[in-house]
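File shown: target-v1.cif. Contents: mmCIF, C-alpha atoms.
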```cif
data_coords
#
loop_
_atom_site.label_atom_id
_atom_site.label_comp_id
_atom_site.auth_asym_id
_atom_site.auth_seq_id
_atom_site.Cartn_x
_atom_site.Cartn_y
_atom_site.Cartn_z
CA ALA A 1 81.94 85.87 123.40
CA GLN A 2 84.62 85.20 120.87
CA SER A 3 87.51 87.35 119.69
CA VAL A 4 90.59 87.09 117.52
CA THR A 5 93.87 88.96 117.74
CA GLN A 6 96.36 88.93 114.93
CA LEU A 7 99.60 89.92 116.53
CA ASP A 8 101.22 91.55 113.51
CA SER A 9 99.58 94.06 111.19
CA HIS A 10 102.41 93.71 108.65
CA VAL A 11 104.89 90.90 107.97
CA SER A 12 107.64 91.22 105.41
CA VAL A 13 109.70 88.26 104.17
CA SER A 14 112.03 87.46 101.32
CA GLU A 15 111.00 85.01 98.65
CA GLY A 16 112.00 81.48 99.62
CA THR A 17 112.08 82.17 103.38
CA PRO A 18 109.55 80.88 105.92
CA VAL A 19 106.32 82.69 106.71
CA LEU A 20 104.78 82.95 110.19
CA LEU A 21 101.52 84.84 110.75
CA ARG A 22 100.41 84.82 114.36
CA CYS A 23 96.89 84.54 115.69
CA ASN A 24 95.44 84.20 119.18
CA TYR A 25 91.80 83.59 119.85
CA SER A 26 89.32 83.69 122.68
CA SER A 27 86.17 81.57 122.71
CA SER A 28 83.65 80.36 125.27
CA TYR A 29 82.95 77.15 123.40
CA SER A 30 84.77 74.74 121.14
CA PRO A 31 85.76 76.99 118.28
CA SER A 32 86.20 76.40 114.62
CA LEU A 33 89.16 78.37 113.32
CA PHE A 34 89.94 79.48 109.81
CA TRP A 35 92.48 81.38 107.81
CA TYR A 36 91.25 83.36 104.84
CA VAL A 37 93.37 85.23 102.29
CA GLN A 38 92.40 88.36 100.40
CA HIS A 39 94.42 89.41 97.37
CA PRO A 40 94.22 93.08 96.37
CA ASN A 41 90.74 94.02 95.14
CA LYS A 42 89.61 90.42 95.37
CA GLY A 43 87.21 88.49 97.56
CA LEU A 44 88.12 86.21 100.45
CA GLN A 45 89.44 82.74 99.80
CA LEU A 46 89.57 80.00 102.42
CA LEU A 47 93.11 78.75 103.07
CA LEU A 48 92.38 76.18 105.76
CA LYS A 49 89.99 75.19 108.54
CA TYR A 50 90.29 73.61 111.99
CA THR A 51 87.29 71.88 113.52
CA SER A 52 88.56 69.75 116.43
CA ALA A 53 90.09 66.99 114.36
CA ALA A 54 93.86 66.95 113.81
CA THR A 55 95.57 69.91 115.46
CA LEU A 56 97.90 70.42 112.49
CA VAL A 57 95.84 71.52 109.54
CA LYS A 58 97.12 71.62 105.97
CA GLY A 59 95.65 74.11 103.55
CA ILE A 60 96.07 75.21 99.99
CA ASN A 61 99.25 76.62 98.44
CA GLY A 62 101.53 74.98 101.00
CA PHE A 63 100.11 76.77 104.04
CA GLU A 64 99.44 75.02 107.32
CA ALA A 65 98.35 76.01 110.81
CA GLU A 66 98.61 74.41 114.21
CA PHE A 67 95.87 74.64 116.81
CA LYS A 68 97.33 74.95 120.31
CA LYS A 69 94.58 74.99 122.91
CA SER A 70 96.95 75.64 125.83
CA GLU A 71 98.23 78.76 124.11
CA THR A 72 94.90 79.67 122.46
CA SER A 73 96.85 80.12 119.25
CA PHE A 74 96.34 79.22 115.60
CA HIS A 75 99.44 80.47 113.80
CA LEU A 76 99.74 80.18 110.03
CA THR A 77 103.01 79.01 108.50
CA LYS A 78 104.55 78.24 105.16
CA PRO A 79 108.08 76.87 104.72
CA SER A 80 108.98 78.94 101.68
CA ALA A 81 107.29 82.18 100.60
CA HIS A 82 106.39 82.86 97.01
CA MET A 83 105.77 86.24 95.42
CA SER A 84 102.16 85.23 94.78
CA ASP A 85 101.62 84.86 98.55
CA ALA A 86 101.64 88.64 98.96
CA ALA A 87 98.15 89.45 100.24
CA GLU A 88 96.20 90.16 103.41
CA TYR A 89 95.48 87.24 105.71
CA PHE A 90 92.63 87.00 108.17
CA CYS A 91 92.38 84.67 111.14
CA VAL A 92 88.75 83.87 111.89
CA VAL A 93 86.89 82.13 114.70
CA SER A 94 83.42 80.66 114.56
CA GLU A 95 81.73 79.46 117.72
CA ILE A 96 79.82 76.24 117.84
CA ALA A 97 77.48 76.30 120.80
CA GLY A 98 75.22 73.43 121.78
CA GLY A 99 76.21 71.44 118.73
CA THR A 100 74.81 73.93 116.27
CA SER A 101 76.18 76.98 114.63
CA TYR A 102 74.86 79.53 112.27
CA GLY A 103 78.43 80.41 111.49
CA LYS A 104 78.87 83.78 113.11
CA LEU A 105 82.43 84.54 112.11
CA THR A 106 84.62 86.94 114.03
CA PHE A 107 87.54 88.25 112.02
CA GLY A 108 90.94 89.36 113.18
CA GLN A 109 92.28 92.71 112.08
CA GLY A 110 94.27 91.18 109.24
CA THR A 111 97.99 90.79 108.53
CA ILE A 112 99.45 92.17 105.34
CA LEU A 113 102.14 89.88 103.99
CA THR A 114 104.76 91.45 101.75
CA VAL A 115 107.17 89.20 99.85
CA HIS A 116 110.43 90.70 98.56
CA PRO A 117 112.34 89.23 95.62
CA ASP B 118 80.47 79.09 87.32
CA THR B 119 80.84 81.64 90.11
CA ALA B 120 79.70 80.12 93.39
CA VAL B 121 78.73 83.37 95.16
CA SER B 122 78.09 86.31 92.89
CA GLN B 123 77.40 89.91 93.87
CA THR B 124 76.22 92.76 91.72
CA PRO B 125 77.25 95.41 91.14
CA LYS B 126 80.99 95.19 91.72
CA TYR B 127 81.30 98.95 92.09
CA LEU B 128 78.66 101.42 93.19
CA VAL B 129 79.20 105.18 93.34
CA THR B 130 76.33 107.30 94.56
CA GLN B 131 75.36 110.52 96.30
CA MET B 132 74.47 110.94 99.96
CA GLY B 133 70.79 110.47 100.62
CA ASN B 134 70.19 108.04 97.78
CA ASP B 135 68.76 104.53 98.15
CA LYS B 136 70.66 101.62 96.62
CA SER B 137 70.58 97.83 96.52
CA ILE B 138 73.24 95.16 96.25
CA LYS B 139 72.29 91.70 95.06
CA CYS B 140 73.79 88.36 96.01
CA GLU B 141 73.18 84.91 94.62
CA GLN B 142 74.75 81.57 95.44
CA ASN B 143 74.56 78.36 93.43
CA LEU B 144 76.13 76.09 96.04
CA GLY B 145 72.85 74.81 97.47
CA HIS B 146 73.61 76.38 100.84
CA ASP B 147 70.86 77.28 103.27
CA THR B 148 72.56 80.19 105.05
CA MET B 149 73.70 83.52 103.63
CA TYR B 150 75.49 86.49 105.16
CA TRP B 151 76.39 90.13 104.61
CA TYR B 152 79.67 91.53 105.90
CA LYS B 153 81.04 95.07 105.85
CA GLN B 154 84.75 95.73 105.37
CA ASP B 155 85.69 99.24 106.40
CA SER B 156 88.57 101.39 105.18
CA LYS B 157 90.92 99.72 107.65
CA LYS B 158 90.05 96.34 106.16
CA PHE B 159 88.20 95.24 109.30
CA LEU B 160 85.44 92.75 108.46
CA LYS B 161 82.30 92.61 110.53
CA ILE B 162 79.15 90.59 110.08
CA MET B 163 75.96 92.54 109.50
CA PHE B 164 73.24 89.98 108.84
CA SER B 165 72.68 86.29 108.37
CA TYR B 166 69.69 84.45 106.95
CA ASN B 167 68.98 80.73 107.29
CA ASN B 168 66.32 79.39 104.95
CA LYS B 169 65.03 82.91 104.38
CA GLU B 170 64.78 83.61 108.12
CA LEU B 171 66.85 86.34 109.76
CA ILE B 172 69.11 84.79 112.41
CA ILE B 173 71.87 87.33 112.94
CA ASN B 174 71.36 91.09 113.05
CA GLU B 175 74.37 92.89 114.41
CA THR B 176 73.40 96.37 115.58
CA VAL B 177 73.15 97.64 112.05
CA PRO B 178 71.21 100.90 111.42
CA ASN B 179 67.69 100.23 110.25
CA ARG B 180 68.52 102.06 107.02
CA PHE B 181 69.97 98.68 106.04
CA SER B 182 67.34 96.12 105.15
CA PRO B 183 68.26 92.64 103.94
CA LYS B 184 65.77 90.68 101.90
CA SER B 185 65.89 87.00 101.09
CA PRO B 186 63.33 85.99 98.45
CA ASP B 187 64.63 82.41 98.54
CA LYS B 188 67.54 80.63 100.13
CA ALA B 189 69.78 81.21 97.09
CA HIS B 190 69.44 84.99 97.22
CA LEU B 191 70.14 87.63 99.83
CA ASN B 192 69.87 91.25 98.77
CA LEU B 193 70.89 94.31 100.76
CA HIS B 194 68.94 97.53 100.44
CA ILE B 195 70.32 100.73 101.92
CA ASN B 196 68.18 103.82 102.42
CA SER B 197 69.38 107.40 102.82
CA LEU B 198 73.01 106.59 102.19
CA GLU B 199 75.59 108.34 104.37
CA LEU B 200 79.30 108.98 103.88
CA GLY B 201 80.10 106.40 106.56
CA ASP B 202 78.42 103.69 104.52
CA SER B 203 81.34 103.76 102.09
CA ALA B 204 82.96 100.35 102.38
CA VAL B 205 83.29 97.01 100.65
CA TYR B 206 80.30 94.75 101.27
CA PHE B 207 80.80 91.01 101.05
CA CYS B 208 78.15 88.38 100.67
CA ALA B 209 78.85 84.82 101.82
CA SER B 210 77.03 81.52 102.04
CA SER B 211 77.41 78.28 103.94
CA GLN B 212 75.56 75.20 105.02
CA SER B 213 74.18 75.56 108.53
CA GLY B 214 75.89 73.68 111.34
CA GLY B 215 79.22 75.41 111.02
CA GLY B 216 79.90 74.87 107.34
CA ILE B 217 82.66 76.76 105.58
CA GLN B 218 81.60 80.19 104.38
CA TYR B 219 82.25 81.01 100.76
CA PHE B 220 82.57 84.67 99.88
CA GLY B 221 81.64 86.73 96.88
CA ALA B 222 84.11 89.14 95.29
CA GLY B 223 82.67 92.14 97.12
CA THR B 224 80.84 95.32 96.20
CA ARG B 225 82.79 98.54 96.65
CA LEU B 226 80.33 101.25 97.67
CA SER B 227 81.44 104.87 97.52
CA VAL B 228 79.10 107.53 98.88
CA LEU B 229 79.99 111.05 97.78
#
```

For the structure just supplied, provide its representation as structure tokens.
Amino acid sequence: AQSVTQLDSHVSVSEGTPVLLRCNYSSSYSPSLFWYVQHPNKGLQLLLKYTSAATLVKGINGFEAEFKKSETSFHLTKPSAHMSDAAEYFCVVSEIAGGTSYGKLTFGQGTILTVHP
Amino acid sequence: DTAVSQTPKYLVTQMGNDKSIKCEQNLGHDTMYWYKQDSKKFLKIMFSYNNKELIINETVPNRFSPKSPDKAHLNLHINSLELGDSAVYFCASSQSGGGIQYFGAGTRLSVL
């Protein structure tokens, strides 16, 4: 079974300061890991994806995440927050078992990022 | 062109009614999904279809019946709506084999 825990339900930063959104996962197989962002009243947009290639993954809008197997973590970071980054962020795991996957995604509880001027 | 489109965007209805939500994708994917996002923003998969065949069915009440007329469409029909069905329903699609899932904008269902 797979699960995802986002360690903070809310994160508040000032514009121009670094962002850190924490995520730990549990998976029986080699997981694929994702971060999605949801702006208010909008759908989900993929920020970045890890699938057992490079452990440091770069995404859109300056976000990146590092896969650390020993810590079962996939934290999302950005060096400098922008007002437009204010949204809810979801860490997601998808198991790949036996070389195939029908993409059953398990979502974390979400982290709301607030950016202050 | 919208990659994954859902209609309607908003749906307000009375308890006991039957309603449908439609989803279409123009990405050429072979797998489609329905997710439910509850009031606490928690997202959970409900169903998945691969090439019109049901492959994931997550303990959803049988009042919910997905239908996939072809691999580009996955509709969700809900019978005898209950207050607890109020949520945002998201459709998504991907290519099988662990492809990235692309989401629609969501349908906000309110049952009064």

| Could you list, as a list in words, every residue of chain B that has an atom within 7 Å of an atom of chain A, counting all atoms listed in the file? | Phe159, Leu160, Lys161, Ser213, Gly214, Gly215, Phe220, Gly221, Ala222 and Gly223 of chain B

| message | Env of His116 of chain A: 10 Å cut, atoms = only C-alpha atoms, seq-sep filter 4 positions within chain, self excluded. Answer as JSON, numbers by chain. | response | {"A": [12, 13, 14, 15, 16, 17, 81, 82, 83, 86]}

| task | Could you tell me which of B:Lys157, B:Arg180, B:Lys188, B:Arg225 comes closest to Asn134 of chain B if we count all atoms listed in the file? | result |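 Ranking B:Lys157, B:Arg180, B:Lys188, B:Arg225 by distance to Asn134 of chain B, first place goes to B:Arg180.
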
| Given the file above and the PyMOL selection byres ((chain A and resi 2) around 6), which residues are selected, and can you give them as a PyMOL selection string? | chain A and resi 1+3+26-27

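Of the residues under consideration (B:Asn179, B:Ser165, B:Ser197, B:Gln218), B:Ser165 shows the shortest atom-to-atom contact distance to Trp151 of chain B when counting all atoms listed in the file.
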
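If you look at atom CA of His146 of chain B and atom CA of Trp35 of chain A, they are 20.7 Å away from each other.
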
| Distance of atom CA of Glu64 of chain A from atom CA of Thr77 of chain A, expressed in Å to one decimal place | 5.5 Å

| What residues come out when you apply the PyMOL selection byres ((chain B and resi 163) around 9) to this file, written as an NGL selection string? | :B and (150-153 or 161-162 or 164-165 or 173-177)

| field | Interatomic distance, atom CA of Leu144 of chain B to atom CA of Ala209 of chain B (Å, one decimal) | value |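 Value for the atom CA of Leu144 of chain B-atom CA of Ala209 of chain B distance: 10.8 Å.
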
Taking the structure I provided as the source, export segment 49-63 of chain A with all heavy atoms, as a PDB file, in the first residue's frame.
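Output saved as selection.pdb:
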```pdb
ATOM      1  N   LYS A  49       7.682  15.960 -11.638  1.00  0.00           N
ATOM      2  CA  LYS A  49       7.493  14.514 -11.528  1.00  0.00           C
ATOM      3  C   LYS A  49       8.841  13.837 -11.317  1.00  0.00           C
ATOM      4  O   LYS A  49       9.833  14.198 -11.967  1.00  0.00           O
ATOM      5  CB  LYS A  49       6.855  14.011 -12.810  1.00  0.00           C
ATOM      6  CG  LYS A  49       6.766  12.492 -12.934  1.00  0.00           C
ATOM      7  CD  LYS A  49       6.226  12.102 -14.303  1.00  0.00           C
ATOM      8  CE  LYS A  49       6.165  10.582 -14.445  1.00  0.00           C
ATOM      9  NZ  LYS A  49       5.723  10.148 -15.775  1.00  0.00           N
ATOM     10  N   TYR A  50       8.874  12.854 -10.434  1.00  0.00           N
ATOM     11  CA  TYR A  50      10.055  12.006 -10.245  1.00  0.00           C
ATOM     12  C   TYR A  50       9.700  10.579 -10.642  1.00  0.00           C
ATOM     13  O   TYR A  50       8.698  10.033 -10.170  1.00  0.00           O
ATOM     14  CB  TYR A  50      10.510  12.023  -8.789  1.00  0.00           C
ATOM     15  CG  TYR A  50      11.491  10.914  -8.495  1.00  0.00           C
ATOM     16  CD1 TYR A  50      12.822  11.030  -8.872  1.00  0.00           C
ATOM     17  CD2 TYR A  50      11.067   9.721  -7.908  1.00  0.00           C
ATOM     18  CE1 TYR A  50      13.711   9.986  -8.647  1.00  0.00           C
ATOM     19  CE2 TYR A  50      11.954   8.683  -7.684  1.00  0.00           C
ATOM     20  CZ  TYR A  50      13.273   8.819  -8.061  1.00  0.00           C
ATOM     21  OH  TYR A  50      14.144   7.792  -7.850  1.00  0.00           O
ATOM     22  N   THR A  51      10.567   9.989 -11.500  1.00  0.00           N
ATOM     23  CA  THR A  51      10.316   8.599 -11.885  1.00  0.00           C
ATOM     24  C   THR A  51      11.603   7.808 -11.961  1.00  0.00           C
ATOM     25  O   THR A  51      11.879   7.143 -12.931  1.00  0.00           O
ATOM     26  CB  THR A  51       9.609   8.521 -13.247  1.00  0.00           C
ATOM     27  OG1 THR A  51      10.392   9.269 -14.200  1.00  0.00           O
ATOM     28  CG2 THR A  51       8.219   9.035 -13.209  1.00  0.00           C
ATOM     29  N   SER A  52      12.423   7.863 -10.949  1.00  0.00           N
ATOM     30  CA  SER A  52      13.643   7.055 -10.786  1.00  0.00           C
ATOM     31  C   SER A  52      14.777   7.462 -11.720  1.00  0.00           C
ATOM     32  O   SER A  52      15.675   6.677 -11.956  1.00  0.00           O
ATOM     33  CB  SER A  52      13.347   5.556 -10.958  1.00  0.00           C
ATOM     34  OG  SER A  52      13.172   5.230 -12.318  1.00  0.00           O
ATOM     35  N   ALA A  53      14.727   8.635 -12.236  1.00  0.00           N
ATOM     36  CA  ALA A  53      15.886   9.168 -12.967  1.00  0.00           C
ATOM     37  C   ALA A  53      16.678  10.023 -11.971  1.00  0.00           C
ATOM     38  O   ALA A  53      16.992   9.581 -10.896  1.00  0.00           O
ATOM     39  CB  ALA A  53      15.425   9.948 -14.185  1.00  0.00           C
ATOM     40  N   ALA A  54      16.989  11.247 -12.321  1.00  0.00           N
ATOM     41  CA  ALA A  54      17.736  12.128 -11.422  1.00  0.00           C
ATOM     42  C   ALA A  54      16.938  12.382 -10.147  1.00  0.00           C
ATOM     43  O   ALA A  54      15.726  12.579 -10.190  1.00  0.00           O
ATOM     44  CB  ALA A  54      18.023  13.450 -12.118  1.00  0.00           C
ATOM     45  N   THR A  55      17.618  12.378  -9.021  1.00  0.00           N
ATOM     46  CA  THR A  55      16.912  12.553  -7.739  1.00  0.00           C
ATOM     47  C   THR A  55      16.488  13.997  -7.511  1.00  0.00           C
ATOM     48  O   THR A  55      15.568  14.253  -6.739  1.00  0.00           O
ATOM     49  CB  THR A  55      17.778  12.088  -6.565  1.00  0.00           C
ATOM     50  OG1 THR A  55      19.017  12.790  -6.607  1.00  0.00           O
ATOM     51  CG2 THR A  55      18.042  10.598  -6.636  1.00  0.00           C
ATOM     52  N   LEU A  56      17.155  14.948  -8.151  1.00  0.00           N
ATOM     53  CA  LEU A  56      16.739  16.343  -8.056  1.00  0.00           C
ATOM     54  C   LEU A  56      15.938  16.660  -9.312  1.00  0.00           C
ATOM     55  O   LEU A  56      16.449  16.590 -10.417  1.00  0.00           O
ATOM     56  CB  LEU A  56      17.949  17.265  -7.938  1.00  0.00           C
ATOM     57  CG  LEU A  56      17.643  18.749  -7.758  1.00  0.00           C
ATOM     58  CD1 LEU A  56      16.859  18.984  -6.471  1.00  0.00           C
ATOM     59  CD2 LEU A  56      18.920  19.565  -7.757  1.00  0.00           C
ATOM     60  N   VAL A  57      14.695  17.015  -9.105  1.00  0.00           N
ATOM     61  CA  VAL A  57      13.783  17.222 -10.226  1.00  0.00           C
ATOM     62  C   VAL A  57      13.416  18.706 -10.307  1.00  0.00           C
ATOM     63  O   VAL A  57      13.029  19.301  -9.299  1.00  0.00           O
ATOM     64  CB  VAL A  57      12.489  16.409 -10.031  1.00  0.00           C
ATOM     65  CG1 VAL A  57      11.557  16.599 -11.218  1.00  0.00           C
ATOM     66  CG2 VAL A  57      12.801  14.946  -9.828  1.00  0.00           C
ATOM     67  N   LYS A  58      13.554  19.261 -11.497  1.00  0.00           N
ATOM     68  CA  LYS A  58      13.172  20.664 -11.684  1.00  0.00           C
ATOM     69  C   LYS A  58      11.787  20.714 -12.321  1.00  0.00           C
ATOM     70  O   LYS A  58      11.485  19.945 -13.249  1.00  0.00           O
ATOM     71  CB  LYS A  58      14.200  21.375 -12.556  1.00  0.00           C
ATOM     72  CG  LYS A  58      15.551  21.534 -11.865  1.00  0.00           C
ATOM     73  CD  LYS A  58      16.490  22.416 -12.654  1.00  0.00           C
ATOM     74  CE  LYS A  58      17.881  22.465 -12.009  1.00  0.00           C
ATOM     75  NZ  LYS A  58      17.850  22.987 -10.633  1.00  0.00           N
ATOM     76  N   GLY A  59      10.979  21.650 -11.830  1.00  0.00           N
ATOM     77  CA  GLY A  59       9.635  21.777 -12.369  1.00  0.00           C
ATOM     78  C   GLY A  59       9.399  23.157 -12.947  1.00  0.00           C
ATOM     79  O   GLY A  59      10.340  23.900 -13.226  1.00  0.00           O
ATOM     80  N   ILE A  60       8.137  23.480 -13.088  1.00  0.00           N
ATOM     81  CA  ILE A  60       7.786  24.780 -13.652  1.00  0.00           C
ATOM     82  C   ILE A  60       7.835  25.862 -12.579  1.00  0.00           C
ATOM     83  O   ILE A  60       7.825  25.560 -11.376  1.00  0.00           O
ATOM     84  CB  ILE A  60       6.380  24.745 -14.297  1.00  0.00           C
ATOM     85  CG1 ILE A  60       5.316  24.407 -13.246  1.00  0.00           C
ATOM     86  CG2 ILE A  60       6.350  23.746 -15.438  1.00  0.00           C
ATOM     87  CD1 ILE A  60       3.894  24.568 -13.750  1.00  0.00           C
ATOM     88  N   ASN A  61       7.905  27.105 -13.020  1.00  0.00           N
ATOM     89  CA  ASN A  61       7.852  28.269 -12.133  1.00  0.00           C
ATOM     90  C   ASN A  61       8.935  28.286 -11.064  1.00  0.00           C
ATOM     91  O   ASN A  61       8.740  28.851  -9.984  1.00  0.00           O
ATOM     92  CB  ASN A  61       6.475  28.357 -11.446  1.00  0.00           C
ATOM     93  CG  ASN A  61       5.349  28.487 -12.460  1.00  0.00           C
ATOM     94  OD1 ASN A  61       5.544  28.975 -13.561  1.00  0.00           O
ATOM     95  ND2 ASN A  61       4.168  28.030 -12.087  1.00  0.00           N
ATOM     96  N   GLY A  62      10.084  27.682 -11.348  1.00  0.00           N
ATOM     97  CA  GLY A  62      11.215  27.744 -10.430  1.00  0.00           C
ATOM     98  C   GLY A  62      11.181  26.754  -9.287  1.00  0.00           C
ATOM     99  O   GLY A  62      12.053  26.771  -8.406  1.00  0.00           O
ATOM    100  N   PHE A  63      10.194  25.872  -9.252  1.00  0.00           N
ATOM    101  CA  PHE A  63      10.112  24.865  -8.197  1.00  0.00           C
ATOM    102  C   PHE A  63      11.015  23.673  -8.513  1.00  0.00           C
ATOM    103  O   PHE A  63      11.250  23.344  -9.669  1.00  0.00           O
ATOM    104  CB  PHE A  63       8.673  24.373  -8.027  1.00  0.00           C
ATOM    105  CG  PHE A  63       7.785  25.344  -7.303  1.00  0.00           C
ATOM    106  CD1 PHE A  63       7.007  26.245  -8.009  1.00  0.00           C
ATOM    107  CD2 PHE A  63       7.730  25.349  -5.919  1.00  0.00           C
ATOM    108  CE1 PHE A  63       6.190  27.153  -7.342  1.00  0.00           C
ATOM    109  CE2 PHE A  63       6.910  26.239  -5.238  1.00  0.00           C
ATOM    110  CZ  PHE A  63       6.143  27.143  -5.959  1.00  0.00           C
TER     111      PHE A  63
END
```
